[in-house]
$ cat my_file_31.pdb   # PDB, C-alpha atoms and all ligand atoms
ATOM      1  CA  MET A   1       4.670 -11.898  16.959
ATOM      2  CA  ARG A   2       2.052  -9.323  16.100
ATOM      3  CA  ILE A   3      -0.390  -9.289  13.181
ATOM      4  CA  GLY A   4      -2.017  -6.288  11.505
ATOM      5  CA  SER A   5      -4.392  -5.577   8.636
ATOM      6  CA  GLY A   6      -4.936  -2.587   6.401
ATOM      7  CA  PHE A   7      -7.424  -1.507   3.752
ATOM      8  CA  ASP A   8      -7.511   1.461   1.396
ATOM      9  CA  VAL A   9      -9.572   2.838  -1.482
ATOM     10  CA  HIS A  10      -8.970   5.586  -4.022
ATOM     11  CA  ALA A  11     -11.287   6.856  -6.741
ATOM     12  CA  PHE A  12     -10.018   7.153 -10.280
ATOM     13  CA  GLY A  13      -9.541  10.641 -11.659
ATOM     14  CA  PRO A  14      -7.714  12.295 -14.501
ATOM     15  CA  GLY A  15      -4.247  10.952 -15.252
ATOM     16  CA  GLU A  16      -2.313   8.371 -17.185
ATOM     17  CA  HIS A  17      -0.817   6.183 -14.452
ATOM     18  CA  VAL A  18      -1.418   4.817 -10.972
ATOM     19  CA  MET A  19       1.178   4.045  -8.304
ATOM     20  CA  LEU A  20       0.920   0.462  -7.055
ATOM     21  CA  GLY A  21       3.344  -0.799  -4.446
ATOM     22  CA  GLY A  22       5.766   1.966  -5.352
ATOM     23  CA  VAL A  23       5.677   1.061  -9.041
ATOM     24  CA  ARG A  24       4.340   3.460 -11.683
ATOM     25  CA  VAL A  25       1.757   1.545 -13.710
ATOM     26  CA  PRO A  26       0.416   3.120 -16.923
ATOM     27  CA  HIS A  27      -3.389   3.357 -16.877
ATOM     28  CA  SER A  28      -6.274   5.178 -18.551
ATOM     29  CA  HIS A  29      -6.837   7.106 -15.298
ATOM     30  CA  GLY A  30      -4.939   8.411 -12.298
ATOM     31  CA  VAL A  31      -6.312   8.452  -8.757
ATOM     32  CA  ILE A  32      -7.733  11.274  -6.682
ATOM     33  CA  ALA A  33      -5.513  11.598  -3.609
ATOM     34  CA  HIS A  34      -3.613  14.008  -1.413
ATOM     35  CA  SER A  35      -0.422  11.926  -1.649
ATOM     36  CA  ASP A  36       0.485   9.804  -4.676
ATOM     37  CA  GLY A  37      -2.578   7.640  -3.879
ATOM     38  CA  ASP A  38      -0.736   4.307  -3.782
ATOM     39  CA  VAL A  39      -3.471   2.035  -2.391
ATOM     40  CA  LEU A  40      -1.134  -0.913  -1.887
ATOM     41  CA  LEU A  41       1.357   1.106   0.163
ATOM     42  CA  HIS A  42      -1.434   2.822   2.117
ATOM     43  CA  ALA A  43      -3.000  -0.520   3.052
ATOM     44  CA  LEU A  44       0.458  -1.826   3.907
ATOM     45  CA  THR A  45       1.250   1.216   6.072
ATOM     46  CA  ASP A  46      -2.004   0.718   7.969
ATOM     47  CA  ALA A  47      -1.254  -2.975   8.447
ATOM     48  CA  LEU A  48       2.192  -2.126   9.868
ATOM     49  CA  LEU A  49       0.726   0.485  12.212
ATOM     50  CA  GLY A  50      -2.065  -1.880  13.220
ATOM     51  CA  ALA A  51       0.307  -4.699  14.046
ATOM     52  CA  ALA A  52       2.349  -2.384  16.269
ATOM     53  CA  GLY A  53      -0.744  -0.900  17.950
ATOM     54  CA  LEU A  54       0.099   2.545  16.579
ATOM     55  CA  GLY A  55      -3.242   3.682  15.168
ATOM     56  CA  ASP A  56      -3.713   4.437  11.482
ATOM     57  CA  ILE A  57      -2.157   6.261   8.562
ATOM     58  CA  GLY A  58      -4.471   9.268   8.885
ATOM     59  CA  GLN A  59      -3.231   9.947  12.424
ATOM     60  CA  HIS A  60       0.411   9.945  11.389
ATOM     61  CA  PHE A  61       0.198  11.460   7.898
ATOM     62  CA  LYS A  62      -2.835  13.747   7.796
ATOM     63  CA  ASP A  63      -4.379  14.179   4.346
ATOM     64  CA  THR A  64      -4.706  17.906   4.985
ATOM     65  CA  ASP A  65      -0.976  18.350   5.728
ATOM     66  CA  PRO A  66       0.792  20.178   2.890
ATOM     67  CA  ARG A  67       3.911  18.103   3.624
ATOM     68  CA  TRP A  68       2.168  15.048   2.148
ATOM     69  CA  GLN A  69       0.773  16.767  -0.951
ATOM     70  CA  GLY A  70       1.769  14.519  -3.842
ATOM     71  CA  ALA A  71       4.012  12.605  -1.439
ATOM     72  CA  ASP A  72       5.740   9.378  -2.438
ATOM     73  CA  SER A  73       3.924   6.838  -0.252
ATOM     74  CA  ALA A  74       7.157   4.880   0.102
ATOM     75  CA  GLY A  75       8.040   7.572   2.646
ATOM     76  CA  PHE A  76       5.069   6.524   4.806
ATOM     77  CA  VAL A  77       6.246   2.915   4.830
ATOM     78  CA  ARG A  78       9.838   3.931   5.647
ATOM     79  CA  ALA A  79       8.703   6.236   8.472
ATOM     80  CA  VAL A  80       6.568   3.504  10.023
ATOM     81  CA  LEU A  81       9.367   0.967   9.660
ATOM     82  CA  ALA A  82      11.569   3.318  11.681
ATOM     83  CA  MET A  83       8.873   3.459  14.414
ATOM     84  CA  LEU A  84       8.817  -0.332  14.446
ATOM     85  CA  ALA A  85      12.602  -0.542  14.714
ATOM     86  CA  GLU A  86      12.456   1.747  17.767
ATOM     87  CA  ARG A  87      10.119  -0.807  19.325
ATOM     88  CA  GLY A  88      12.327  -3.778  18.474
ATOM     89  CA  LEU A  89      10.044  -5.016  15.698
ATOM     90  CA  ARG A  90      10.684  -5.981  12.079
ATOM     91  CA  VAL A  91       8.543  -7.429   9.322
ATOM     92  CA  GLY A  92       8.199 -11.214   9.158
ATOM     93  CA  ASN A  93       6.087 -11.343   6.025
ATOM     94  CA  ALA A  94       3.449  -9.349   4.182
ATOM     95  CA  ASP A  95       0.521 -10.332   1.968
ATOM     96  CA  VAL A  96      -1.129  -7.618  -0.120
ATOM     97  CA  THR A  97      -4.157  -7.781  -2.403
ATOM     98  CA  LEU A  98      -5.228  -5.333  -5.092
ATOM     99  CA  LEU A  99      -8.975  -5.227  -5.727
ATOM    100  CA  ALA A 100      -9.715  -3.764  -9.153
ATOM    101  CA  GLU A 101     -11.017  -4.612 -12.591
ATOM    102  CA  ARG A 102      -8.096  -2.734 -14.114
ATOM    103  CA  PRO A 103      -5.216  -2.207 -14.306
ATOM    104  CA  LYS A 104      -4.133  -5.817 -14.464
ATOM    105  CA  ILE A 105      -0.937  -6.230 -12.486
ATOM    106  CA  GLY A 106       0.363  -9.403 -14.128
ATOM    107  CA  PRO A 107       3.102  -7.617 -16.048
ATOM    108  CA  VAL A 108       4.337  -5.706 -12.975
ATOM    109  CA  ARG A 109       3.578  -8.156 -10.174
ATOM    110  CA  ALA A 110       7.209  -9.203  -9.695
ATOM    111  CA  GLN A 111       8.357  -5.595  -9.797
ATOM    112  CA  ILE A 112       5.799  -4.633  -7.121
ATOM    113  CA  ARG A 113       6.872  -7.567  -4.948
ATOM    114  CA  ASP A 114      10.527  -6.607  -5.235
ATOM    115  CA  ARG A 115       9.823  -2.954  -4.455
ATOM    116  CA  ILE A 116       7.680  -3.764  -1.409
ATOM    117  CA  ALA A 117      10.319  -6.217  -0.175
ATOM    118  CA  GLN A 118      12.967  -3.513  -0.551
ATOM    119  CA  LEU A 119      10.827  -1.015   1.398
ATOM    120  CA  LEU A 120      10.096  -3.536   4.147
ATOM    121  CA  GLU A 121      13.743  -4.655   4.270
ATOM    122  CA  VAL A 122      12.836  -8.300   3.739
ATOM    123  CA  LEU A 123      13.534 -10.849   1.002
ATOM    124  CA  PRO A 124      11.026 -10.968  -1.879
ATOM    125  CA  ALA A 125       9.984 -14.425  -0.640
ATOM    126  CA  ALA A 126       8.523 -12.705   2.441
ATOM    127  CA  VAL A 127       6.152 -10.636   0.282
ATOM    128  CA  ASN A 128       3.124 -11.873  -1.630
ATOM    129  CA  VAL A 129       1.185  -9.749  -4.119
ATOM    130  CA  LYS A 130      -2.299 -10.868  -5.137
ATOM    131  CA  ALA A 131      -4.998  -9.304  -7.295
ATOM    132  CA  THR A 132      -8.678  -9.956  -7.680
ATOM    133  CA  THR A 133     -11.738  -8.360  -9.245
ATOM    134  CA  THR A 134     -15.164  -7.998  -7.665
ATOM    135  CA  GLU A 135     -16.824  -9.786 -10.581
ATOM    136  CA  LYS A 136     -18.040  -6.453 -12.008
ATOM    137  CA  LEU A 137     -19.961  -5.709  -8.794
ATOM    138  CA  GLY A 138     -19.995  -2.400  -6.945
ATOM    139  CA  PHE A 139     -17.788   0.660  -7.396
ATOM    140  CA  LEU A 140     -14.736  -1.474  -8.088
ATOM    141  CA  GLY A 141     -16.613  -3.535 -10.638
ATOM    142  CA  ARG A 142     -17.776  -0.388 -12.407
ATOM    143  CA  GLY A 143     -14.183   0.767 -12.627
ATOM    144  CA  GLU A 144     -14.704   3.836 -10.454
ATOM    145  CA  GLY A 145     -11.581   3.221  -8.402
ATOM    146  CA  LEU A 146      -9.359   0.655  -6.846
ATOM    147  CA  ALA A 147      -8.840  -0.817  -3.399
ATOM    148  CA  ALA A 148      -6.188  -2.770  -1.568
ATOM    149  CA  ALA A 149      -5.975  -4.973   1.508
ATOM    150  CA  ALA A 150      -2.823  -5.927   3.387
ATOM    151  CA  VAL A 151      -1.864  -8.248   6.207
ATOM    152  CA  VAL A 152       1.540  -8.180   7.864
ATOM    153  CA  LEU A 153       3.231 -10.168  10.582
ATOM    154  CA  LEU A 154       5.771  -8.400  12.780
ATOM    155  CA  VAL A 155       8.447 -10.317  14.639
ATOM    156  CA  ASP A 156      11.059  -9.409  17.232
ATOM    157  CA  ALA A 157      14.012  -7.687  15.593
ATOM    158  CA  GLN A 158      16.577  -9.753  17.565
TER
HETATM  159 MG    MG B   1      -5.096   6.119   0.714
END

$ encode --input "my_file_31.pdb" --output "structure tokens"
Amino acid sequence: MRIGSGFDVHAFGPGEHVMLGGVRVPHSHGVIAHSDGDVLLHALTDALLGAAGLGDIGQHFKDTDPRWQGADSAGFVRAVLAMLAERGLRVGNADVTLLAERPKIGPVRAQIRDRIAQLLEVLPAAVNVKATTTEKLGFLGRGEGLAAAAVVLLVDAQ
């Protein structure tokens, strides 16, 4: 078994939705990002890479590469999952946390869980989606952006 963690932040910018765990969530702002700026999937991708000892998302999907301009971050997760499969690893479970004052994910929490489970090729029961605020403190508390943390456990594919 191997464990990995990931963390990501994006600032809010102009827009009317944010991508969270592969789900389009209506919001008063978008995020500033090279790809689609999905903090949950970016943190998750880093956790997967970390668990496998494969570095970080920036090494594999450079934010200056035109290929990833506006990219669907689900592609990052799928690409890393393929690297894991080559190494005889699969996901055991994943726990992700959104840190933000808004948007509130209550209405889409189950949808995000199902989508992440689908991407990770595990049952929804192997995925947990949490959310917290920072009690109005700091850049997250001021609503300047959003952050996400992820922890994953990898197990032998056999
Ligand atoms: Mg990111």

$ closest_residue --input "my_file_31.pdb" --among "A:Ala149, A:Leu120, A:Ala94, A:Leu40" --to "Ala79 (chain A)" --atoms "only C-alpha atoms"
A:Leu120

$ atom_distance --input "my_file_31.pdb" --atom1 "CA of Val39 (chain A)" --atom2 "CA of Thr97 (chain A)"
9.8 Å

$ resolve_selection --input "my_file_31.pdb" --expression "the PyMOL selection byres (((chain A and resi 22) around 7) and not hetatm)" --output "PyMOL selection string"
chain A and resi 19-21+23-24+74+112+115

$ write_last_selection --input "my_file_31.pdb" --atoms "C-alpha atoms" --output "mmCIF file, in the coordinates of the input"
data_model
loop_
_atom_site.group_PDB
_atom_site.id
_atom_site.type_symbol
_atom_site.label_atom_id
_atom_site.label_comp_id
_atom_site.auth_asym_id
_atom_site.auth_seq_id
_atom_site.Cartn_x
_atom_site.Cartn_y
_atom_site.Cartn_z
ATOM 1 C CA MET A 19 1.178 4.045 -8.304
ATOM 2 C CA LEU A 20 0.920 0.462 -7.055
ATOM 3 C CA GLY A 21 3.344 -0.799 -4.446
ATOM 4 C CA VAL A 23 5.677 1.061 -9.041
ATOM 5 C CA ARG A 24 4.340 3.460 -11.683
ATOM 6 C CA ALA A 74 7.157 4.880 0.102
ATOM 7 C CA ILE A 112 5.799 -4.633 -7.121
ATOM 8 C CA ARG A 115 9.823 -2.954 -4.455
#

$ atom_distance --input "my_file_31.pdb" --atom1 "CA of His42 (chain A)" --atom2 "CA of Arg78 (chain A)"
11.9 Å

$ closest_atom_pairs --input "my_file_31.pdb" --of "chain A" --to "ligand MG 1 (chain B)" --cutoff "10 Å" --atoms "only C-alpha atoms and all ligand atoms" --output "JSON lines"
{"residue": "A:Phe7", "atom": "CA", "partner": "B:MG1", "partner_atom": "MG", "distance": 8.5}
{"residue": "A:Asp8", "atom": "CA", "partner": "B:MG1", "partner_atom": "MG", "distance": 5.3}
{"residue": "A:Val9", "atom": "CA", "partner": "B:MG1", "partner_atom": "MG", "distance": 6.0}
{"residue": "A:His10", "atom": "CA", "partner": "B:MG1", "partner_atom": "MG", "distance": 6.1}
{"residue": "A:Ala11", "atom": "CA", "partner": "B:MG1", "partner_atom": "MG", "distance": 9.7}
{"residue": "A:Val31", "atom": "CA", "partner": "B:MG1", "partner_atom": "MG", "distance": 9.8}
{"residue": "A:Ile32", "atom": "CA", "partner": "B:MG1", "partner_atom": "MG", "distance": 9.4}
{"residue": "A:Ala33", "atom": "CA", "partner": "B:MG1", "partner_atom": "MG", "distance": 7.0}
{"residue": "A:His34", "atom": "CA", "partner": "B:MG1", "partner_atom": "MG", "distance": 8.3}
{"residue": "A:Ser35", "atom": "CA", "partner": "B:MG1", "partner_atom": "MG", "distance": 7.8}
{"residue": "A:Asp36", "atom": "CA", "partner": "B:MG1", "partner_atom": "MG", "distance": 8.6}
{"residue": "A:Gly37", "atom": "CA", "partner": "B:MG1", "partner_atom": "MG", "distance": 5.5}
{"residue": "A:Asp38", "atom": "CA", "partner": "B:MG1", "partner_atom": "MG", "distance": 6.5}
{"residue": "A:Val39", "atom": "CA", "partner": "B:MG1", "partner_atom": "MG", "distance": 5.4}
{"residue": "A:Leu40", "atom": "CA", "partner": "B:MG1", "partner_atom": "MG", "distance": 8.5}
{"residue": "A:Leu41", "atom": "CA", "partner": "B:MG1", "partner_atom": "MG", "distance": 8.2}
{"residue": "A:His42", "atom": "CA", "partner": "B:MG1", "partner_atom": "MG", "distance": 5.1}
{"residue": "A:Ala43", "atom": "CA", "partner": "B:MG1", "partner_atom": "MG", "distance": 7.3}
{"residue": "A:Thr45", "atom": "CA", "partner": "B:MG1", "partner_atom": "MG", "distance": 9.6}
{"residue": "A:Asp46", "atom": "CA", "partner": "B:MG1", "partner_atom": "MG", "distance": 9.6}
{"residue": "A:Ile57", "atom": "CA", "partner": "B:MG1", "partner_atom": "MG", "distance": 8.4}
{"residue": "A:Gly58", "atom": "CA", "partner": "B:MG1", "partner_atom": "MG", "distance": 8.8}
{"residue": "A:Asp63", "atom": "CA", "partner": "B:MG1", "partner_atom": "MG", "distance": 8.9}
{"residue": "A:Ser73", "atom": "CA", "partner": "B:MG1", "partner_atom": "MG", "distance": 9.1}
{"residue": "A:Ala147", "atom": "CA", "partner": "B:MG1", "partner_atom": "MG", "distance": 8.9}
{"residue": "A:Ala148", "atom": "CA", "partner": "B:MG1", "partner_atom": "MG", "distance": 9.2}

$ resolve_selection --input "my_file_31.pdb" --expression "the PyMOL selection byres (((chain A and resi 154) around 10) and not hetatm)" --output "VMD selection string"
chain A and resid 1 to 4 47 to 48 51 to 52 84 88 to 94 152 to 153 155 to 157

$ closest_residue --input "my_file_31.pdb" --among "A:Asp65, A:Asp95, A:Glu101, A:Glu16" --to "Lys130 (chain A)" --atoms "only C-alpha atoms"
A:Asp95

$ decode --input "my_file_31.pdb" --residues "region 17-58 of chain A" --atoms "C-alpha atoms" --output "compact mmCIF listing (two decimals), in the first residue's frame"
# COMPACT_ATOMS: atom_id res chain seq x y z
CA HIS A 17 -19.11 28.54 -12.79
CA VAL A 18 -16.29 26.55 -11.24
CA MET A 19 -15.34 22.94 -11.97
CA LEU A 20 -15.24 20.83 -8.81
CA GLY A 21 -14.41 17.15 -9.03
CA GLY A 22 -15.37 17.15 -12.69
CA VAL A 23 -18.76 18.70 -11.97
CA ARG A 24 -19.73 22.14 -13.30
CA VAL A 25 -20.96 24.17 -10.32
CA PRO A 26 -22.67 27.52 -10.97
CA HIS A 27 -20.95 30.35 -9.08
CA SER A 28 -20.62 34.14 -9.05
CA HIS A 29 -17.02 33.75 -10.27
CA GLY A 30 -14.86 31.43 -12.33
CA VAL A 31 -11.24 30.61 -11.53
CA ILE A 32 -8.02 31.86 -13.05
CA ALA A 33 -6.22 28.82 -14.48
CA HIS A 34 -4.42 27.42 -17.48
CA SER A 35 -6.59 24.29 -17.51
CA ASP A 36 -10.20 24.22 -16.31
CA GLY A 37 -8.88 25.02 -12.80
CA ASP A 38 -10.58 22.10 -11.03
CA VAL A 39 -8.93 22.31 -7.59
CA LEU A 40 -10.37 19.00 -6.41
CA LEU A 41 -9.05 17.08 -9.42
CA HIS A 42 -5.69 18.87 -9.27
CA ALA A 43 -5.24 17.97 -5.59
CA LEU A 44 -6.36 14.43 -6.39
CA THR A 45 -3.92 14.15 -9.31
CA ASP A 46 -1.08 15.28 -7.06
CA ALA A 47 -2.10 12.79 -4.38
CA LEU A 48 -2.08 9.96 -6.95
CA LEU A 49 1.33 11.01 -8.27
CA GLY A 50 2.66 11.41 -4.74
CA ALA A 51 1.52 7.97 -3.67
CA ALA A 52 3.25 6.42 -6.68
CA GLY A 53 6.44 8.46 -6.17
CA LEU A 54 5.95 10.15 -9.54
CA GLY A 55 6.50 13.82 -8.69
CA ASP A 56 3.77 16.41 -9.14
CA ILE A 57 1.17 17.64 -11.59
CA GLY A 58 3.32 20.53 -12.82
